[in-house]
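Novice: Below is the structure I would like to discuss, written out as structure tokens.
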Amino acid sequence: MTWNDQTEKDVKKVREKLGLNQLENEVPLSAMLSMEQPVLVTADSNVSGKMYLAAELEKFHSIGMDAVASACNELYAMQARPLLFSDSIACARPKAEKIREIESGVEQACIQGSVRYTGSQIKDLPEFFSYDQYDLTGFAVGIRDKAAEAEQIPFSDGDVIIGLASNGLHNSGYIVARKKLYLSKATMESYYETLGATLGDLLLQPTRLYRTQMETLRKSKVTVKSCVPVAQGGLDRAARRLLRHQAGAVLKLRTSSMMPLYEMLHKDGNISDEQMRETFNMGYGMLFVVAEEDVDTVVEALENIGERPEPFGLVERDSYNIRYIKG
């Protein structure tokens with residue numbers, strides 16, 4: 001019998017054997033007491049592309065943080081409050097120190113995101129994974145008040161698209177980066193003057209949690225017409241999700257001040273402008289739309305908490321195209 005088939009009691013024994021902390025599976029629901037119509041919403045995450053690089057460098061801490069942030073950012077964008085996060089770690093043969101390192105990242109991100117870490121299922125699957133290979137998937141549940149939600153407000157010409165900075169690639173484009181830059185342990189451990197760091201350090205930067213930023217937007221009383229994290233599929237897909245395929249937009253990309261990591265991917269990886277936008281987040285981790293008259297209020301509120309919001313796009317109501325201009 002594999003660990004995946006074991007009862008909850010057996011899983012606890014396995015965690016004890018590996019010296020891992022027991023996790024709390026009770027989640028308080030006091031948040032729903034003040035809600036008129038509480039509903040549960042869910043989001044999942046997968047960090048397989050980044051996990052390969054983490055395994056090469058034998059650094060797994062940020063991977064756990066990525067799994068939490070990728071799922072919880074989806075909930076924040078839905079104006080939901082995350083309640084719980086659980087994950088599944090699959091491998092050929094579990095090693096306590098690596099499981100502990102992954103879970104330490106999960107625990108750290110859960111504290112930052114104010115979400116309960118309820119469980120980690122460890123699956124030994126030697127028929128699917130090679131020696132020392134790991135995979136991590138996550139699942140988050142949140143709650144929001146459906147009665148408090150405004151009706152979906154239509155977009156208007158001149159609505160402004162604002163981006164919040166990412167820490168790096170977040171959860172998008174690692175497979176392409178690995179192929180185009182011929183990544184190996186040696187190249188990722190090399191220091192690059194143009195990057196000001198090793199390539200590995202930049203690639204393993206953890207995904208940002210946007211809990212505080214989304215709470216600040218809500219407290220500002222400004223109507224956010226749409227909001228999405230930039231994750232799988234890069235900036236182009238995120239922009240189309242943001243506009244719900246109901247409008248187009250013109251986006252001004254900062255080519256003159258492109259972050260060094262993206263510049264390396266673009267030039268050394270010989271990746272076209274179009275593929276860059278389709279694959280990578282281009283330095284943005286969260287996008288949202290507000291009316292033109294609300295931009296100053298939003299920017300000021302976010303700057304007061306140390307954020308640097310960037311208005312970089314305008315909605316075009318009578319178009320379904322996303323146009324990019326260089327700035």
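Chain lettering (A, B, ...) mirrors the order of the structure tokens, residue numbering begins at 1 for each chain separately, and ligand numbering begins at 1 in order of display.
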Determine which residues of range 97-316 of chain A DSSP labels as alpha helix (DSSP H) from the backbone of this structure, then write them out as a PyMOL selection string.
Specialist: chain A and resi 97-113+174-180+185-189+199-203+211-219+234-242+260-267+273-279+295-303
Novice: Can you list every residue of range 33-53 of chain A that has an atom at most 7 Å from range 155-176 of chain A, with its nearest atom pair and the distance in Å to one decimal, using only C-alpha atoms, ordered by chain then number, as a Markdown table?
Specialist:
```
| residue | atom | partner | partner_atom | distance |
| --- | --- | --- | --- | --- |
| A:Val47 | CA | A:Asn171 | CA | 6.6 |
| A:Gly49 | CA | A:Tyr174 | CA | 5.2 |
| A:Lys50 | CA | A:Tyr174 | CA | 5.8 |
```
Novice: Could you tell me how far CA of Pro82 in chain A lies from CA of Val298 in chain A, in Å and to one decimal?
Specialist: 23.2 Å
Novice: Can you write out as a tab-separated table which residues of range 206-236 of chain A fall within 10 Å of range 271-286 of chain A, alongside each residue's closest atom pair and its distance in Å to one decimal, counting only C-alpha atoms and ordering rows by chain and ascending residue number?
Specialist:
```
residue	atom	partner	partner_atom	distance
A:Thr207	CA	A:Gly285	CA	8.2
A:Arg208	CA	A:Gly285	CA	7.4
A:Leu209	CA	A:Gly285	CA	9.2
A:Tyr210	CA	A:Met286	CA	7.8
A:Gln213	CA	A:Met286	CA	9.8
A:Met214	CA	A:Met286	CA	9.8
A:Cys227	CA	A:Met286	CA	7.4
A:Val228	CA	A:Met286	CA	5.9
A:Pro229	CA	A:Met286	CA	4.2
A:Val230	CA	A:Gly285	CA	5.0
A:Ala231	CA	A:Asn281	CA	7.0
A:Gln232	CA	A:Thr279	CA	7.9
A:Gly233	CA	A:Thr279	CA	5.4
A:Gly234	CA	A:Phe280	CA	4.2
A:Leu235	CA	A:Asn281	CA	4.7
A:Asp236	CA	A:Glu278	CA	5.2
```
Novice: Of the candidates A:Ala186, A:Ala69, A:Ile143, A:Ala80, which one gets nearest to Glu107 in chain A if we count only C-alpha atoms?
Specialist: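 Closest residue, counting only C-alpha atoms: A:Ala69.
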Novice: Which residues come within 12 Å of Leu261 in chain A, counting only C-alpha atoms, excluding same-chain residues fewer than 5 positions away, as a ChimeraX atom specification?
Specialist: /A:167-169,177,181,192-205,266-269,276,280-283
Novice: Write the residues of the preceding selection, restricted to N, CA, C and O atoms, as a compact mmCIF listing (two decimals), in the first residue's frame.
Specialist:
```txt
# COMPACT_ATOMS: atom_id res chain seq x y z
N ASN A 167 7.64 39.75 -8.51
CA ASN A 167 9.00 39.49 -8.01
C ASN A 167 9.89 38.93 -9.10
O ASN A 167 11.09 38.76 -8.91
N GLY A 168 9.31 38.58 -10.22
CA GLY A 168 10.04 37.90 -11.29
C GLY A 168 9.04 37.18 -12.16
O GLY A 168 7.95 37.68 -12.42
N LEU A 169 9.37 35.96 -12.56
CA LEU A 169 8.49 35.23 -13.47
C LEU A 169 7.23 34.72 -12.78
O LEU A 169 6.25 34.38 -13.45
N ALA A 177 11.89 29.35 -20.42
CA ALA A 177 13.17 29.89 -19.95
C ALA A 177 14.24 28.81 -19.89
O ALA A 177 15.39 29.03 -20.28
N LEU A 181 17.35 29.36 -22.56
CA LEU A 181 18.61 29.77 -21.94
C LEU A 181 19.50 28.58 -21.62
O LEU A 181 20.56 28.75 -21.01
N TYR A 192 25.86 37.03 -12.75
CA TYR A 192 25.84 37.86 -13.95
C TYR A 192 25.83 39.33 -13.56
O TYR A 192 24.93 39.78 -12.82
N GLU A 193 26.81 40.08 -14.04
CA GLU A 193 26.88 41.51 -13.73
C GLU A 193 25.61 42.23 -14.20
O GLU A 193 25.11 43.13 -13.54
N THR A 194 25.11 41.84 -15.36
CA THR A 194 23.93 42.50 -15.91
C THR A 194 22.69 42.26 -15.07
O THR A 194 21.75 43.07 -15.07
N LEU A 195 22.67 41.16 -14.33
CA LEU A 195 21.52 40.85 -13.49
C LEU A 195 21.71 41.32 -12.05
O LEU A 195 20.74 41.51 -11.32
N GLY A 196 22.97 41.47 -11.65
CA GLY A 196 23.24 41.84 -10.27
C GLY A 196 22.98 40.70 -9.29
O GLY A 196 22.81 40.92 -8.09
N ALA A 197 22.92 39.49 -9.81
CA ALA A 197 22.63 38.31 -8.98
C ALA A 197 22.92 37.08 -9.81
O ALA A 197 23.26 37.16 -11.00
N THR A 198 22.80 35.91 -9.20
CA THR A 198 22.87 34.69 -9.99
C THR A 198 21.53 34.51 -10.68
O THR A 198 20.49 34.97 -10.20
N LEU A 199 21.56 33.81 -11.78
CA LEU A 199 20.32 33.56 -12.53
C LEU A 199 19.37 32.72 -11.68
O LEU A 199 18.15 32.93 -11.69
N GLY A 200 19.92 31.78 -10.94
CA GLY A 200 19.09 30.93 -10.09
C GLY A 200 18.34 31.72 -9.03
O GLY A 200 17.17 31.47 -8.76
N ASP A 201 19.03 32.69 -8.40
CA ASP A 201 18.38 33.49 -7.37
C ASP A 201 17.19 34.25 -7.93
O ASP A 201 16.14 34.38 -7.27
N LEU A 202 17.34 34.79 -9.13
CA LEU A 202 16.24 35.55 -9.73
C LEU A 202 15.10 34.63 -10.16
O LEU A 202 13.92 34.97 -9.97
N LEU A 203 15.44 33.49 -10.71
CA LEU A 203 14.40 32.57 -11.18
C LEU A 203 13.60 31.96 -10.03
O LEU A 203 12.43 31.63 -10.18
N LEU A 204 14.24 31.83 -8.87
CA LEU A 204 13.56 31.22 -7.73
C LEU A 204 12.96 32.26 -6.78
O LEU A 204 12.55 31.91 -5.66
N GLN A 205 12.90 33.52 -7.20
CA GLN A 205 12.21 34.51 -6.39
C GLN A 205 10.77 34.07 -6.15
O GLN A 205 10.07 33.68 -7.09
N HIS A 266 14.70 37.87 -23.58
CA HIS A 266 14.35 38.42 -24.88
C HIS A 266 15.52 38.30 -25.87
O HIS A 266 15.34 37.82 -27.00
N LYS A 267 16.70 38.71 -25.44
CA LYS A 267 17.85 38.76 -26.34
C LYS A 267 18.62 37.45 -26.39
O LYS A 267 18.80 36.86 -27.46
N ASP A 268 19.08 36.97 -25.24
CA ASP A 268 19.88 35.74 -25.24
C ASP A 268 19.03 34.51 -25.61
O ASP A 268 19.54 33.55 -26.18
N GLY A 269 17.76 34.55 -25.24
CA GLY A 269 16.88 33.44 -25.58
C GLY A 269 16.27 33.55 -26.96
O GLY A 269 15.58 32.64 -27.40
N MET A 276 7.21 36.77 -25.87
CA MET A 276 7.48 37.28 -24.52
C MET A 276 6.17 37.60 -23.81
O MET A 276 5.96 37.21 -22.66
N PHE A 280 5.46 35.32 -20.59
CA PHE A 280 5.92 35.89 -19.32
C PHE A 280 5.00 37.02 -18.85
O PHE A 280 4.27 37.62 -19.63
N ASN A 281 5.09 37.32 -17.55
CA ASN A 281 4.25 38.38 -17.00
C ASN A 281 4.79 39.78 -17.27
O ASN A 281 4.12 40.77 -16.96
N MET A 282 5.98 39.88 -17.83
CA MET A 282 6.60 41.16 -18.20
C MET A 282 6.74 42.13 -17.02
O MET A 282 6.72 43.34 -17.18
N GLY A 283 6.87 41.56 -15.83
CA GLY A 283 7.11 42.38 -14.65
C GLY A 283 5.88 42.73 -13.85
O GLY A 283 5.97 43.43 -12.84
```
Novice: I'd like the contact shell of Glu58 in chain A - 12 Å cut-off, only C-alpha atoms, skipping same-chain residues fewer than 2 positions apart - returned as a VMD selection string.
Specialist: chain A and resid 50 to 56 60 to 63 97 to 99 101 to 102 132 to 134 185 188 to 189 200 204
Novice: Go ahead and save the residues from that selection, with N, CA and C atoms, as a compact mmCIF listing (two decimals), in the first residue's frame.
Specialist:
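Output saved as again_26.txt:
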```txt
# COMPACT_ATOMS: atom_id res chain seq x y z
N LYS A 50 8.63 25.36 -12.34
CA LYS A 50 9.64 25.95 -11.45
C LYS A 50 10.29 24.88 -10.56
N MET A 51 9.54 23.84 -10.26
CA MET A 51 10.06 22.79 -9.39
C MET A 51 11.30 22.15 -9.98
N TYR A 52 11.35 22.01 -11.30
CA TYR A 52 12.52 21.40 -11.94
C TYR A 52 13.78 22.21 -11.65
N LEU A 53 13.66 23.54 -11.73
CA LEU A 53 14.82 24.40 -11.46
C LEU A 53 15.20 24.32 -9.99
N ALA A 54 14.20 24.28 -9.11
CA ALA A 54 14.47 24.18 -7.67
C ALA A 54 15.20 22.88 -7.35
N ALA A 55 14.81 21.81 -8.03
CA ALA A 55 15.47 20.52 -7.79
C ALA A 55 16.92 20.56 -8.26
N GLU A 56 17.17 21.22 -9.39
CA GLU A 56 18.54 21.34 -9.90
C GLU A 56 19.43 22.06 -8.89
N PHE A 60 14.26 24.41 -2.15
CA PHE A 60 12.83 24.16 -2.29
C PHE A 60 11.95 25.13 -1.49
N HIS A 61 12.55 26.01 -0.71
CA HIS A 61 11.76 26.85 0.20
C HIS A 61 10.77 27.73 -0.55
N SER A 62 11.23 28.41 -1.61
CA SER A 62 10.35 29.34 -2.31
C SER A 62 9.24 28.63 -3.07
N ILE A 63 9.43 27.34 -3.37
CA ILE A 63 8.42 26.59 -4.11
C ILE A 63 7.13 26.50 -3.30
N GLU A 97 14.08 16.04 4.93
CA GLU A 97 14.62 17.40 4.89
C GLU A 97 14.04 18.20 3.72
N LYS A 98 13.74 17.53 2.63
CA LYS A 98 13.19 18.25 1.48
C LYS A 98 11.71 18.53 1.66
N ILE A 99 10.98 17.57 2.22
CA ILE A 99 9.57 17.81 2.54
C ILE A 99 9.46 18.96 3.53
N GLU A 101 11.54 21.43 3.98
CA GLU A 101 11.88 22.70 3.34
C GLU A 101 10.71 23.23 2.51
N ILE A 102 10.05 22.34 1.77
CA ILE A 102 8.87 22.76 1.00
C ILE A 102 7.78 23.28 1.93
N ASP A 132 14.75 11.42 -6.51
CA ASP A 132 14.95 12.79 -6.04
C ASP A 132 14.14 13.82 -6.83
N GLN A 133 13.14 13.39 -7.57
CA GLN A 133 12.26 14.31 -8.29
C GLN A 133 11.00 14.54 -7.46
N TYR A 134 10.54 15.81 -7.42
CA TYR A 134 9.37 16.18 -6.62
C TYR A 134 8.39 16.99 -7.46
N LYS A 185 22.50 23.55 -13.70
CA LYS A 185 22.93 23.94 -12.36
C LYS A 185 24.08 24.94 -12.44
N MET A 188 22.88 28.46 -13.67
CA MET A 188 22.01 29.12 -12.69
C MET A 188 22.79 29.56 -11.45
N GLU A 189 23.94 28.93 -11.19
CA GLU A 189 24.74 29.32 -10.03
C GLU A 189 25.77 30.39 -10.38
N GLY A 200 19.92 31.78 -10.94
CA GLY A 200 19.09 30.93 -10.09
C GLY A 200 18.34 31.72 -9.03
N LEU A 204 14.24 31.83 -8.87
CA LEU A 204 13.56 31.22 -7.73
C LEU A 204 12.96 32.26 -6.78
```
Novice: Considering only C-alpha atoms, return as an MDAnalysis selection string whatever protein or nucleic-acid residues lie within 12 Å of Lys221 in chain A, sequence-local ones (same chain, fewer than 2 positions apart) excluded.
Specialist: chainID A and resid 214:219 223:224 290 294 297:298 301
Novice: What does the structure give for the distance between CA of Gln246 in chain A and CA of Asn73 in chain A, in Å to one decimal?
Specialist: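 It comes out at 22.8 Å.
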Novice: Report the residues of range 157-193 of chain A whose backbone DSSP state falls under strand (DSSP E), written as a PDB file with N, CA, C and O atoms, in the first residue's frame.
Specialist:
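For reference, out-v3.pdb as written:
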```
ATOM      1  N   VAL A 160      -8.737  52.790 -16.926  1.00  0.00           N
ATOM      2  CA  VAL A 160      -7.280  52.633 -16.829  1.00  0.00           C
ATOM      3  C   VAL A 160      -6.914  51.255 -16.269  1.00  0.00           C
ATOM      4  O   VAL A 160      -7.485  50.815 -15.269  1.00  0.00           O
ATOM      5  N   ILE A 161      -5.969  50.612 -16.927  1.00  0.00           N
ATOM      6  CA  ILE A 161      -5.427  49.338 -16.457  1.00  0.00           C
ATOM      7  C   ILE A 161      -4.166  49.627 -15.654  1.00  0.00           C
ATOM      8  O   ILE A 161      -3.242  50.279 -16.142  1.00  0.00           O
ATOM      9  N   ILE A 162      -4.161  49.159 -14.425  1.00  0.00           N
ATOM     10  CA  ILE A 162      -3.035  49.405 -13.520  1.00  0.00           C
ATOM     11  C   ILE A 162      -2.377  48.073 -13.172  1.00  0.00           C
ATOM     12  O   ILE A 162      -3.064  47.071 -12.922  1.00  0.00           O
ATOM     13  N   GLY A 163      -1.054  48.045 -13.173  1.00  0.00           N
ATOM     14  CA  GLY A 163      -0.312  46.833 -12.851  1.00  0.00           C
ATOM     15  C   GLY A 163       0.459  46.964 -11.557  1.00  0.00           C
ATOM     16  O   GLY A 163       0.975  48.048 -11.232  1.00  0.00           O
ATOM     17  N   LEU A 164       0.512  45.884 -10.797  1.00  0.00           N
ATOM     18  CA  LEU A 164       1.349  45.803  -9.604  1.00  0.00           C
ATOM     19  C   LEU A 164       2.532  44.903  -9.923  1.00  0.00           C
ATOM     20  O   LEU A 164       2.378  43.855 -10.561  1.00  0.00           O
ATOM     21  N   ALA A 165       3.704  45.310  -9.474  1.00  0.00           N
ATOM     22  CA  ALA A 165       4.940  44.631  -9.858  1.00  0.00           C
ATOM     23  C   ALA A 165       5.003  43.197  -9.345  1.00  0.00           C
ATOM     24  O   ALA A 165       4.492  42.872  -8.267  1.00  0.00           O
ATOM     25  N   TYR A 191      27.173  34.046 -11.428  1.00  0.00           N
ATOM     26  CA  TYR A 191      26.787  35.439 -11.161  1.00  0.00           C
ATOM     27  C   TYR A 191      26.902  36.243 -12.456  1.00  0.00           C
ATOM     28  O   TYR A 191      27.890  36.152 -13.174  1.00  0.00           O
ATOM     29  N   TYR A 192      25.864  37.030 -12.752  1.00  0.00           N
ATOM     30  CA  TYR A 192      25.841  37.865 -13.953  1.00  0.00           C
ATOM     31  C   TYR A 192      25.828  39.332 -13.556  1.00  0.00           C
ATOM     32  O   TYR A 192      24.935  39.777 -12.819  1.00  0.00           O
TER      33      TYR A 192
END
```
Novice: If you measure from CA of Glu36 in chain A to CA of Leu302 in chain A, what distance in Å do you get, rounded to one decimal?
Specialist: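 Distance reported for this atom pair: 28.7 Å.
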Novice: Let me make sure I understand: among A:Thr212, A:Ser184, A:Gln108, A:Asn304, which one has the smallest atom-to-atom distance to Gln79 in chain A if we use only C-alpha atoms?
Specialist: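 Of A:Thr212, A:Ser184, A:Gln108, A:Asn304, the one nearest Gln79 in chain A is A:Thr212, counting only C-alpha atoms.
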Novice: Taking 6 positions as the minimum chain separation for residues in the same chain, which residues sit within 8 Å of Arg144 in chain A when counting only C-alpha atoms? Answer as number ranges by chain.
Specialist: A: 35, 38-41, 79-81
Novice: For a quick check of understanding, using only C-alpha atoms, which of A:Tyr117, A:Ser86, A:Ile325, A:Ala77 has the smallest distance to Leu287 in chain A?
Specialist: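 Distance minimum relative to Leu287 in chain A lands on A:Ala77.
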Novice: Which residue gives the smallest distance to Ala67 in chain A among A:Ala140, A:Met259, A:Met264, A:Ala90, with only C-alpha atoms counted?
Specialist: A:Ala140
